[in-house]
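Chemist: Below is model.pdb; it holds PDB, C-alpha atoms.
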ATOM      1  CA  MET J   1      -9.886  10.387  23.737
ATOM      2  CA  ARG J   2      -9.813  13.877  22.273
ATOM      3  CA  ILE J   3     -12.418  14.142  19.498
ATOM      4  CA  LEU J   4     -13.311  16.909  17.048
ATOM      5  CA  VAL J   5     -16.902  16.970  15.756
ATOM      6  CA  VAL J   6     -17.235  18.912  12.479
ATOM      7  CA  GLU J   7     -20.910  19.264  11.571
ATOM      8  CA  ASP J   8     -22.780  22.261  10.120
ATOM      9  CA  GLU J   9     -26.108  21.319  11.720
ATOM     10  CA  PRO J  10     -25.740  22.754  15.259
ATOM     11  CA  LEU J  11     -28.413  20.566  16.877
ATOM     12  CA  LEU J  12     -26.901  17.387  15.465
ATOM     13  CA  ALA J  13     -23.365  18.503  16.348
ATOM     14  CA  ASP J  14     -24.363  19.250  19.944
ATOM     15  CA  ALA J  15     -26.236  15.943  20.301
ATOM     16  CA  VAL J  16     -23.230  13.967  19.049
ATOM     17  CA  ALA J  17     -20.854  15.911  21.286
ATOM     18  CA  GLN J  18     -22.995  15.436  24.393
ATOM     19  CA  GLY J  19     -23.296  11.727  23.727
ATOM     20  CA  LEU J  20     -19.543  11.322  23.270
ATOM     21  CA  ARG J  21     -18.863  13.310  26.441
ATOM     22  CA  ARG J  22     -21.048  10.866  28.329
ATOM     23  CA  GLU J  23     -18.617   8.201  27.083
ATOM     24  CA  ALA J  24     -15.823  10.105  28.932
ATOM     25  CA  HIS J  25     -14.304  11.671  25.812
ATOM     26  CA  ALA J  26     -13.103  15.268  25.500
ATOM     27  CA  VAL J  27     -15.030  16.783  22.578
ATOM     28  CA  ASP J  28     -14.652  20.033  20.627
ATOM     29  CA  VAL J  29     -17.254  21.189  18.073
ATOM     30  CA  VAL J  30     -16.950  23.368  14.960
ATOM     31  CA  HIS J  31     -19.425  23.993  12.152
ATOM     32  CA  ASP J  32     -17.320  24.508   9.019
ATOM     33  CA  GLY J  33     -14.214  23.124   7.364
ATOM     34  CA  ALA J  34     -12.050  26.207   7.861
ATOM     35  CA  ALA J  35     -12.632  26.149  11.621
ATOM     36  CA  ALA J  36     -11.830  22.431  11.610
ATOM     37  CA  LEU J  37      -8.451  23.026   9.997
ATOM     38  CA  GLU J  38      -7.690  25.749  12.568
ATOM     39  CA  ARG J  39      -8.444  23.373  15.455
ATOM     40  CA  LEU J  40      -6.402  20.599  13.861
ATOM     41  CA  ASP J  41      -3.428  22.964  13.734
ATOM     42  CA  VAL J  42      -3.686  23.529  17.487
ATOM     43  CA  HIS J  43      -4.832  20.281  19.093
ATOM     44  CA  ASP J  44      -3.757  16.653  18.879
ATOM     45  CA  TYR J  45      -7.011  14.802  18.180
ATOM     46  CA  ASP J  46      -7.485  11.045  18.160
ATOM     47  CA  VAL J  47     -10.631  11.021  16.006
ATOM     48  CA  VAL J  48     -12.426  13.550  13.787
ATOM     49  CA  VAL J  49     -16.148  13.054  13.146
ATOM     50  CA  LEU J  50     -16.346  14.877   9.824
ATOM     51  CA  ASP J  51     -19.478  15.844   7.907
ATOM     52  CA  ARG J  52     -18.685  15.648   4.215
ATOM     53  CA  HIS J  53     -20.786  18.565   2.961
ATOM     54  CA  LEU J  54     -19.416  21.507   4.962
ATOM     55  CA  PRO J  55     -19.489  25.254   4.282
ATOM     56  CA  VAL J  56     -16.347  27.382   3.709
ATOM     57  CA  VAL J  57     -14.038  24.385   3.226
ATOM     58  CA  HIS J  58     -15.607  21.133   2.015
ATOM     59  CA  GLY J  59     -15.206  18.040   4.164
ATOM     60  CA  ASP J  60     -13.415  16.291   1.297
ATOM     61  CA  ASP J  61     -10.742  19.008   1.365
ATOM     62  CA  VAL J  62     -10.353  18.731   5.146
ATOM     63  CA  CYS J  63      -9.795  15.009   4.704
ATOM     64  CA  ARG J  64      -7.250  15.615   1.930
ATOM     65  CA  VAL J  65      -5.277  17.981   4.174
ATOM     66  CA  LEU J  66      -5.131  15.398   6.965
ATOM     67  CA  VAL J  67      -3.938  12.717   4.557
ATOM     68  CA  ALA J  68      -1.296  15.069   3.104
ATOM     69  CA  ARG J  69      -0.007  15.751   6.625
ATOM     70  CA  ASP J  70       0.329  12.012   7.243
ATOM     71  CA  SER J  71      -1.582  12.644  10.455
ATOM     72  CA  SER J  72      -2.340   9.829  12.894
ATOM     73  CA  VAL J  73      -5.846  11.207  13.511
ATOM     74  CA  ARG J  74      -8.637   8.875  12.363
ATOM     75  CA  VAL J  75     -11.553  10.212  10.314
ATOM     76  CA  LEU J  76     -15.172   9.073  10.534
ATOM     77  CA  MET J  77     -16.965  10.731   7.626
ATOM     78  CA  LEU J  78     -20.683  11.532   7.849
ATOM     79  CA  THR J  79     -22.965  12.323   4.947
ATOM     80  CA  ALA J  80     -26.608  12.307   3.972
ATOM     81  CA  ALA J  81     -25.639  10.435   0.818
ATOM     82  CA  ALA J  82     -25.937   6.677   1.258
ATOM     83  CA  GLU J  83     -25.096   5.643  -2.276
ATOM     84  CA  ILE J  84     -22.211   3.204  -2.701
ATOM     85  CA  ASP J  85     -20.345   5.609  -5.015
ATOM     86  CA  ASP J  86     -20.418   8.318  -2.354
ATOM     87  CA  ARG J  87     -19.099   5.937   0.289
ATOM     88  CA  VAL J  88     -16.346   4.709  -2.007
ATOM     89  CA  THR J  89     -15.357   8.290  -2.833
ATOM     90  CA  GLY J  90     -15.162   9.221   0.845
ATOM     91  CA  LEU J  91     -12.981   6.247   1.677
ATOM     92  CA  ALA J  92     -10.789   6.881  -1.355
ATOM     93  CA  LEU J  93     -10.081  10.380  -0.035
ATOM     94  CA  GLY J  94      -8.512   8.804   3.043
ATOM     95  CA  ALA J  95     -11.391   8.567   5.524
ATOM     96  CA  ASP J  96     -11.035   5.592   7.862
ATOM     97  CA  ASP J  97     -14.745   4.904   8.159
ATOM     98  CA  TYR J  98     -18.025   6.148   6.716
ATOM     99  CA  LEU J  99     -21.464   6.535   8.307
ATOM    100  CA  PRO J 100     -24.542   7.699   6.351
ATOM    101  CA  LYS J 101     -27.204   9.898   7.947
ATOM    102  CA  PRO J 102     -29.486   9.271   9.686
ATOM    103  CA  PHE J 103     -27.575   7.048  12.098
ATOM    104  CA  ALA J 104     -28.030   5.570  15.560
ATOM    105  CA  PHE J 105     -25.753   7.194  18.121
ATOM    106  CA  ARG J 106     -24.762   3.789  19.518
ATOM    107  CA  GLU J 107     -23.302   2.853  16.146
ATOM    108  CA  LEU J 108     -21.428   6.150  15.844
ATOM    109  CA  ALA J 109     -20.007   5.736  19.372
ATOM    110  CA  ALA J 110     -18.886   2.193  18.600
ATOM    111  CA  ARG J 111     -17.195   3.277  15.357
ATOM    112  CA  VAL J 112     -15.452   6.177  17.131
ATOM    113  CA  ALA J 113     -14.183   3.817  19.842
ATOM    114  CA  ALA J 114     -12.871   1.405  17.212
ATOM    115  CA  LEU J 115     -11.072   4.208  15.367
ATOM    116  CA  GLY J 116      -9.612   5.452  18.639
ATOM    117  CA  ARG J 117      -8.075   2.045  19.278
ATOM    118  CA  ARG J 118      -6.471   2.197  15.817
ATOM    119  CA  ALA J 119      -5.125   5.708  16.475
ATOM    120  CA  ARG J 120      -3.144   4.489  19.478
ATOM    121  CA  ALA J 121      -0.429   1.950  19.852
ATOM    122  CA  ALA J 122      -1.936  -1.482  20.436
ATOM    123  CA  ALA J 123      -3.220  -1.849  23.995
ATOM    124  CA  PRO J 124      -5.194  -4.553  25.767
ATOM    125  CA  PRO J 125      -8.961  -3.939  25.864
ATOM    126  CA  VAL J 126      -8.819  -4.078  29.686
ATOM    127  CA  LEU J 127      -6.032  -2.024  31.300
ATOM    128  CA  GLU J 128      -4.378  -3.506  34.386
ATOM    129  CA  ARG J 129      -1.541  -2.231  36.552
ATOM    130  CA  ALA J 130      -0.655  -2.043  40.253
ATOM    131  CA  GLY J 131      -3.799  -3.891  41.267
ATOM    132  CA  ILE J 132      -6.033  -1.598  39.206
ATOM    133  CA  ARG J 133      -8.309  -3.028  36.530
ATOM    134  CA  LEU J 134     -10.005  -0.587  34.127
ATOM    135  CA  ASP J 135     -12.537  -1.815  31.576
ATOM    136  CA  PRO J 136     -13.103   0.935  28.946
ATOM    137  CA  HIS J 137     -16.109  -0.818  27.417
ATOM    138  CA  ARG J 138     -18.046  -1.312  30.665
ATOM    139  CA  ARG J 139     -16.696   1.933  32.195
ATOM    140  CA  GLU J 140     -15.738   0.023  35.359
ATOM    141  CA  VAL J 141     -12.703   0.302  37.618
ATOM    142  CA  TYR J 142     -11.597  -2.117  40.343
ATOM    143  CA  ARG J 143      -8.675  -1.981  42.741
ATOM    144  CA  ASP J 144      -7.697  -5.298  44.289
ATOM    145  CA  GLY J 145     -11.198  -6.570  43.484
ATOM    146  CA  ARG J 146     -12.960  -3.549  45.033
ATOM    147  CA  TYR J 147     -15.237  -1.547  42.739
ATOM    148  CA  VAL J 148     -14.185   2.117  42.497
ATOM    149  CA  PRO J 149     -16.887   4.571  41.319
ATOM    150  CA  LEU J 150     -15.312   7.359  39.271
ATOM    151  CA  SER J 151     -16.556  10.478  37.522
ATOM    152  CA  ARG J 152     -16.042  10.769  33.748
ATOM    153  CA  LYS J 153     -12.984  13.002  34.182
ATOM    154  CA  GLU J 154     -11.450  10.740  36.836
ATOM    155  CA  PHE J 155     -12.018   7.722  34.597
ATOM    156  CA  ALA J 156     -10.439   9.484  31.588
ATOM    157  CA  VAL J 157      -7.370  10.573  33.593
ATOM    158  CA  LEU J 158      -6.873   7.106  35.081
ATOM    159  CA  ALA J 159      -7.131   5.537  31.618
ATOM    160  CA  GLU J 160      -4.391   7.845  30.294
ATOM    161  CA  LEU J 161      -2.136   7.017  33.245
ATOM    162  CA  LEU J 162      -2.642   3.282  32.743
ATOM    163  CA  ARG J 163      -2.010   3.511  29.003
ATOM    164  CA  ALA J 164       1.350   5.153  29.738
ATOM    165  CA  ASP J 165       2.502   1.772  31.124
ATOM    166  CA  GLY J 166       4.517   3.198  34.008
ATOM    167  CA  ALA J 167       5.820   6.314  32.243
ATOM    168  CA  ALA J 168       5.042   9.787  33.555
ATOM    169  CA  VAL J 169       2.205  11.736  31.930
ATOM    170  CA  SER J 170       2.433  15.516  32.060
ATOM    171  CA  GLN J 171      -0.371  17.792  33.199
ATOM    172  CA  GLU J 172      -0.476  19.206  29.659
ATOM    173  CA  GLN J 173      -0.967  15.725  28.175
ATOM    174  CA  LEU J 174      -3.787  14.967  30.610
ATOM    175  CA  MET J 175      -5.424  18.315  29.844
ATOM    176  CA  GLU J 176      -5.137  17.611  26.109
ATOM    177  CA  LYS J 177      -6.776  14.178  26.307
ATOM    178  CA  ALA J 178      -9.363  14.547  29.075
ATOM    179  CA  TRP J 179     -10.606  18.158  28.747
ATOM    180  CA  ASP J 180     -12.016  20.093  25.816
ATOM    181  CA  GLU J 181     -10.838  23.431  24.446
ATOM    182  CA  HIS J 182     -12.950  25.420  26.905
ATOM    183  CA  ALA J 183     -10.887  24.214  29.865
ATOM    184  CA  ASP J 184      -8.619  26.813  31.453
ATOM    185  CA  PRO J 185      -5.030  25.493  31.123
ATOM    186  CA  PHE J 186      -4.036  27.605  34.157
ATOM    187  CA  SER J 187      -6.705  26.120  36.421
ATOM    188  CA  HIS J 188      -6.099  23.426  39.008
ATOM    189  CA  ALA J 189      -8.474  21.006  37.260
ATOM    190  CA  VAL J 190      -5.873  18.282  36.702
ATOM    191  CA  ARG J 191      -4.427  18.526  40.209
ATOM    192  CA  MET J 192      -7.887  18.421  41.817
ATOM    193  CA  THR J 193      -8.902  15.444  39.675
ATOM    194  CA  ILE J 194      -5.712  13.599  40.677
ATOM    195  CA  LEU J 195      -6.427  14.314  44.366
ATOM    196  CA  LYS J 196      -9.960  12.926  44.069
ATOM    197  CA  LEU J 197      -8.678   9.934  42.120
ATOM    198  CA  ARG J 198      -6.104   9.120  44.796
ATOM    199  CA  ARG J 199      -8.724   9.384  47.513
ATOM    200  CA  LYS J 200     -11.104   7.034  45.720
ATOM    201  CA  LEU J 201      -8.404   4.491  44.850
ATOM    202  CA  GLY J 202      -7.422   4.323  48.517
ATOM    203  CA  GLU J 203      -4.293   3.137  50.291
ATOM    204  CA  PRO J 204      -1.498   2.563  49.633
ATOM    205  CA  PRO J 205      -1.149   5.496  47.205
ATOM    206  CA  VAL J 206      -0.740   4.356  43.606
ATOM    207  CA  VAL J 207      -0.705   7.596  41.576
ATOM    208  CA  MET J 208       2.732   9.128  42.067
ATOM    209  CA  THR J 209       3.848  12.696  41.356
ATOM    210  CA  GLU J 210       7.071  13.224  39.409
ATOM    211  CA  PRO J 211       8.076  16.818  40.293
ATOM    212  CA  GLY J 212       8.363  18.957  37.182
ATOM    213  CA  VAL J 213       7.292  16.050  34.958
ATOM    214  CA  GLY J 214       3.770  14.829  35.768
ATOM    215  CA  TYR J 215       2.046  11.791  37.211
ATOM    216  CA  ARG J 216       2.544   8.061  36.843
ATOM    217  CA  ILE J 217       1.398   4.688  38.109
ATOM    218  CA  PRO J 218       4.598   2.677  38.723
TER
END
Just give me the structure of the file as structure tokens.

Modeler:
Amino acid sequence: MRILVVEDEPLLADAVAQGLRREAHAVDVVHDGAAALERLDVHDYDVVVLDRHLPVVHGDDVCRVLVARDSSVRVLMLTAAAEIDDRVTGLALGADDYLPKPFAFRELAARVAALGRRARAAAPPVLERAGIRLDPHRREVYRDGRYVPLSRKEFAVLAELLRADGAAVSQEQLMEKAWDEHADPFSHAVRMTILKLRRKLGEPPVVMTEPGVGYRIP
């Protein structure tokens, strides 16, 4: 998934981002509400982890903008306030979920994963196609019963290809979902990841190239 972390405490923001990247997500980080709105204008995020009390533009106002846009992005709101009234207010603004600080990262990761499933069209928890079985929860991939060890990027790309259900996925779409904003769009990162993925999945080849369109698993 592509995730935006909006948190004005840099150490906390970096810790959350690093943890989510270990879960094979592409994560961007900003530290105020104005920067968040700029990123949301540019990128198609699945989930926003949004601190409520932000400088420049308040988190409540960021949430209001997303609701007004009728955006499909899901919002997990964070705040130091744990009172019921604060939680109710946050949800009333349009947030999809609410997590008071301090929190355990495992709970945040689980809530983000649940929101990501809601942001997409319904899909089976385990993705299967062409003899490939990908379990997002266990981070395991098998082909014809053989375990296939993948890097985080390879896993993320394969998951996007499987979710496409036979349709072609463009290089731009893969870059958007599996890499963060620091990735060079003119690099060969996607092509090299596809080459490594093909090699690890073995014969016969299962990831096909559609010239001028992208990649697909038929």

Chemist: Calculated over all atoms listed in the file, which of the candidates J:Lys153, J:Arg133, J:Arg74, J:Arg198 has the smallest distance to Val48 (chain J)?

Modeler: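 Smallest separation from Val48 (chain J) among the options: J:Arg74.
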
Chemist: Using the file's own x, y and z axes, what box holds all listed atoms of region 103-109 of chain J with 4 Å on each side, keeping edges along x, y and z, and what are its centre and edge lengths in Å to one decimal, as AutoDock Vina command-line options?

Modeler:
--center_x -24.0 --center_y 5.0 --center_z 15.8 --size_x 16.0 --size_y 12.3 --size_z 15.4

Chemist: For Ala35 (chain J), work out the shell of residues within 10 Å, counting all atoms listed in the file and skipping chain neighbours fewer than 6 positions away, then give it as a list of chain:residue names.

Modeler: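 Within the cut-off, the hits are J:Val6, J:Val29, J:Asp41, J:Val56, J:Val57.
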
Chemist: Give me the residues within 10 Å of Leu174 (chain J) as a ChimeraX atom specification, counting all atoms listed in the file and dropping any in the same chain fewer than 6 places off.

Modeler: /J:156-158,160-161,190,214-215

Chemist: Have a look at J:Gln18, J:Ser151, J:Ser71, J:Thr79 and name the one nearest to Leu54 (chain J); count only C-alpha atoms.

Modeler: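 Smallest distance to Leu54 (chain J) is found for J:Thr79.
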
Chemist: For Ala13 (chain J), find every residue with an atom within 12 Å (counting only C-alpha atoms), except residues of its own chain fewer than 4 positions away, and show them as a PyMOL selection string.

Modeler: chain J and resi 4-9+17-20+27-32+49-51+78+105

Chemist: For Lys200 (chain J), please output as a list in words all residues within 9 Å (counting all atoms listed in the file; exclusion window: fewer than 3 positions along the same chain).

Modeler: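 Once the adjacent positions are removed, what remains is Val148, Pro149, Leu150, Leu195, Lys196 and Leu197 of chain J.
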
Chemist: Residues within 12 Å of His188 (chain J), please, as a list in words. Count all atoms listed in the file; anything in the same chain fewer than 5 positions from it doesn't count.

Modeler: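 Answer for this query is Gln171, Glu172, Met175, Ala183, Thr193, Ile194 and Leu195 of chain J.
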
Chemist: May I ask which of the residues J:Phe103, J:Tyr147, J:Trp179, J:Tyr142 is the closest one to Met1 (chain J), counting all atoms listed in the file?

Modeler: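 Checking each candidate against Met1 (chain J), we get J:Trp179 as the closest.
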
Chemist: Can you list what the PyMOL selection byres ((chain J and resi 159) around 12) grabs from this structure, as a PDB file with C-alpha atoms, in the coordinates of the input?

Modeler:
ATOM      1  CA  MET J   1      -9.886  10.387  23.737  1.00  0.00           C
ATOM      2  CA  ALA J  24     -15.823  10.105  28.932  1.00  0.00           C
ATOM      3  CA  HIS J  25     -14.304  11.671  25.812  1.00  0.00           C
ATOM      4  CA  ALA J 123      -3.220  -1.849  23.995  1.00  0.00           C
ATOM      5  CA  PRO J 124      -5.194  -4.553  25.767  1.00  0.00           C
ATOM      6  CA  PRO J 125      -8.961  -3.939  25.864  1.00  0.00           C
ATOM      7  CA  VAL J 126      -8.819  -4.078  29.686  1.00  0.00           C
ATOM      8  CA  LEU J 127      -6.032  -2.024  31.300  1.00  0.00           C
ATOM      9  CA  GLU J 128      -4.378  -3.506  34.386  1.00  0.00           C
ATOM     10  CA  ARG J 129      -1.541  -2.231  36.552  1.00  0.00           C
ATOM     11  CA  ILE J 132      -6.033  -1.598  39.206  1.00  0.00           C
ATOM     12  CA  ARG J 133      -8.309  -3.028  36.530  1.00  0.00           C
ATOM     13  CA  LEU J 134     -10.005  -0.587  34.127  1.00  0.00           C
ATOM     14  CA  ASP J 135     -12.537  -1.815  31.576  1.00  0.00           C
ATOM     15  CA  PRO J 136     -13.103   0.935  28.946  1.00  0.00           C
ATOM     16  CA  HIS J 137     -16.109  -0.818  27.417  1.00  0.00           C
ATOM     17  CA  ARG J 139     -16.696   1.933  32.195  1.00  0.00           C
ATOM     18  CA  GLU J 140     -15.738   0.023  35.359  1.00  0.00           C
ATOM     19  CA  VAL J 141     -12.703   0.302  37.618  1.00  0.00           C
ATOM     20  CA  LEU J 150     -15.312   7.359  39.271  1.00  0.00           C
ATOM     21  CA  ARG J 152     -16.042  10.769  33.748  1.00  0.00           C
ATOM     22  CA  LYS J 153     -12.984  13.002  34.182  1.00  0.00           C
ATOM     23  CA  GLU J 154     -11.450  10.740  36.836  1.00  0.00           C
ATOM     24  CA  PHE J 155     -12.018   7.722  34.597  1.00  0.00           C
ATOM     25  CA  ALA J 156     -10.439   9.484  31.588  1.00  0.00           C
ATOM     26  CA  VAL J 157      -7.370  10.573  33.593  1.00  0.00           C
ATOM     27  CA  LEU J 158      -6.873   7.106  35.081  1.00  0.00           C
ATOM     28  CA  GLU J 160      -4.391   7.845  30.294  1.00  0.00           C
ATOM     29  CA  LEU J 161      -2.136   7.017  33.245  1.00  0.00           C
ATOM     30  CA  LEU J 162      -2.642   3.282  32.743  1.00  0.00           C
ATOM     31  CA  ARG J 163      -2.010   3.511  29.003  1.00  0.00           C
ATOM     32  CA  ALA J 164       1.350   5.153  29.738  1.00  0.00           C
ATOM     33  CA  ASP J 165       2.502   1.772  31.124  1.00  0.00           C
ATOM     34  CA  VAL J 169       2.205  11.736  31.930  1.00  0.00           C
ATOM     35  CA  LEU J 174      -3.787  14.967  30.610  1.00  0.00           C
ATOM     36  CA  LYS J 177      -6.776  14.178  26.307  1.00  0.00           C
ATOM     37  CA  ALA J 178      -9.363  14.547  29.075  1.00  0.00           C
ATOM     38  CA  LEU J 197      -8.678   9.934  42.120  1.00  0.00           C
ATOM     39  CA  ARG J 216       2.544   8.061  36.843  1.00  0.00           C
ATOM     40  CA  ILE J 217       1.398   4.688  38.109  1.00  0.00           C
TER      41      ILE J 217
END

Chemist: Going by the chain IDs and residue numbers used in this file, which residues fall under the PyMOL selection byres ((chain J and resi 80) around 9)? Write them as a short mmCIF file (atom, residue, chain, number, x, y, z; two decimals) with C-alpha atoms, keeping the file's coordinate frame.

Modeler:
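Heads up, here's the output in expr.cif:
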data_model
loop_
_atom_site.label_atom_id
_atom_site.label_comp_id
_atom_site.auth_asym_id
_atom_site.auth_seq_id
_atom_site.Cartn_x
_atom_site.Cartn_y
_atom_site.Cartn_z
CA ASP J 51 -19.48 15.84 7.91
CA ARG J 52 -18.68 15.65 4.22
CA HIS J 53 -20.79 18.57 2.96
CA LEU J 78 -20.68 11.53 7.85
CA THR J 79 -22.96 12.32 4.95
CA ALA J 81 -25.64 10.44 0.82
CA ALA J 82 -25.94 6.68 1.26
CA LEU J 99 -21.46 6.54 8.31
CA PRO J 100 -24.54 7.70 6.35
CA LYS J 101 -27.20 9.90 7.95
CA PRO J 102 -29.49 9.27 9.69
#

Chemist: Using the chain letters and numbers from the file, give me the residues hit by the PyMOL selection byres ((chain J and resi 66) around 12), as an mmCIF file with C-alpha atoms, in the frame of the given file.

Modeler:
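Heads up, here's the output in expr_10.cif:
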data_model
loop_
_atom_site.group_PDB
_atom_site.id
_atom_site.type_symbol
_atom_site.label_atom_id
_atom_site.label_comp_id
_atom_site.auth_asym_id
_atom_site.auth_seq_id
_atom_site.Cartn_x
_atom_site.Cartn_y
_atom_site.Cartn_z
ATOM 1 C CA GLY J 33 -14.214 23.124 7.364
ATOM 2 C CA ALA J 36 -11.830 22.431 11.610
ATOM 3 C CA LEU J 37 -8.451 23.026 9.997
ATOM 4 C CA LEU J 40 -6.402 20.599 13.861
ATOM 5 C CA ASP J 41 -3.428 22.964 13.734
ATOM 6 C CA TYR J 45 -7.011 14.802 18.180
ATOM 7 C CA VAL J 47 -10.631 11.021 16.006
ATOM 8 C CA VAL J 48 -12.426 13.550 13.787
ATOM 9 C CA LEU J 50 -16.346 14.877 9.824
ATOM 10 C CA GLY J 59 -15.206 18.040 4.164
ATOM 11 C CA ASP J 60 -13.415 16.291 1.297
ATOM 12 C CA ASP J 61 -10.742 19.008 1.365
ATOM 13 C CA VAL J 62 -10.353 18.731 5.146
ATOM 14 C CA CYS J 63 -9.795 15.009 4.704
ATOM 15 C CA ARG J 64 -7.250 15.615 1.930
ATOM 16 C CA VAL J 65 -5.277 17.981 4.174
ATOM 17 C CA VAL J 67 -3.938 12.717 4.557
ATOM 18 C CA ALA J 68 -1.296 15.069 3.104
ATOM 19 C CA ARG J 69 -0.007 15.751 6.625
ATOM 20 C CA ASP J 70 0.329 12.012 7.243
ATOM 21 C CA SER J 71 -1.582 12.644 10.455
ATOM 22 C CA SER J 72 -2.340 9.829 12.894
ATOM 23 C CA VAL J 73 -5.846 11.207 13.511
ATOM 24 C CA ARG J 74 -8.637 8.875 12.363
ATOM 25 C CA VAL J 75 -11.553 10.212 10.314
ATOM 26 C CA LEU J 93 -10.081 10.380 -0.035
ATOM 27 C CA GLY J 94 -8.512 8.804 3.043
ATOM 28 C CA ALA J 95 -11.391 8.567 5.524
ATOM 29 C CA ASP J 96 -11.035 5.592 7.862
#

Chemist: CA of Glu176 (chain J) and CA of Ala130 (chain J) are how many Å apart?

Modeler: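 Those two atoms sit 24.6 Å apart.
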
Chemist: Compare J:Met77, J:Asp180, J:Met208, J:Thr89 by their minimum atom-to-atom distance to Leu115 (chain J), counting only C-alpha atoms, and give me the closest one.

Modeler: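 Checking each of J:Met77, J:Asp180, J:Met208, J:Thr89 against Leu115 (chain J), counting only C-alpha atoms, the winner is J:Met77.
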
Chemist: So how far away is CA of Gly166 (chain J) from CA of Thr209 (chain J), in Å?

Modeler: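 It comes out at 12.0 Å.
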
Chemist: Work out how far CA of Glu23 (chain J) is from CA of Ala168 (chain J), in Å to one decimal.

Modeler: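 Pair CA of Ala168 (chain J) / CA of Glu23 (chain J) returns 24.6 Å.
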
Chemist: For Ala113 (chain J), which residue out of J:Asp46, J:His58, J:Leu201, J:Ala15 is the nearest one, using only C-alpha atoms?

Modeler: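 Under the stated criterion, the closest residue is J:Asp46.
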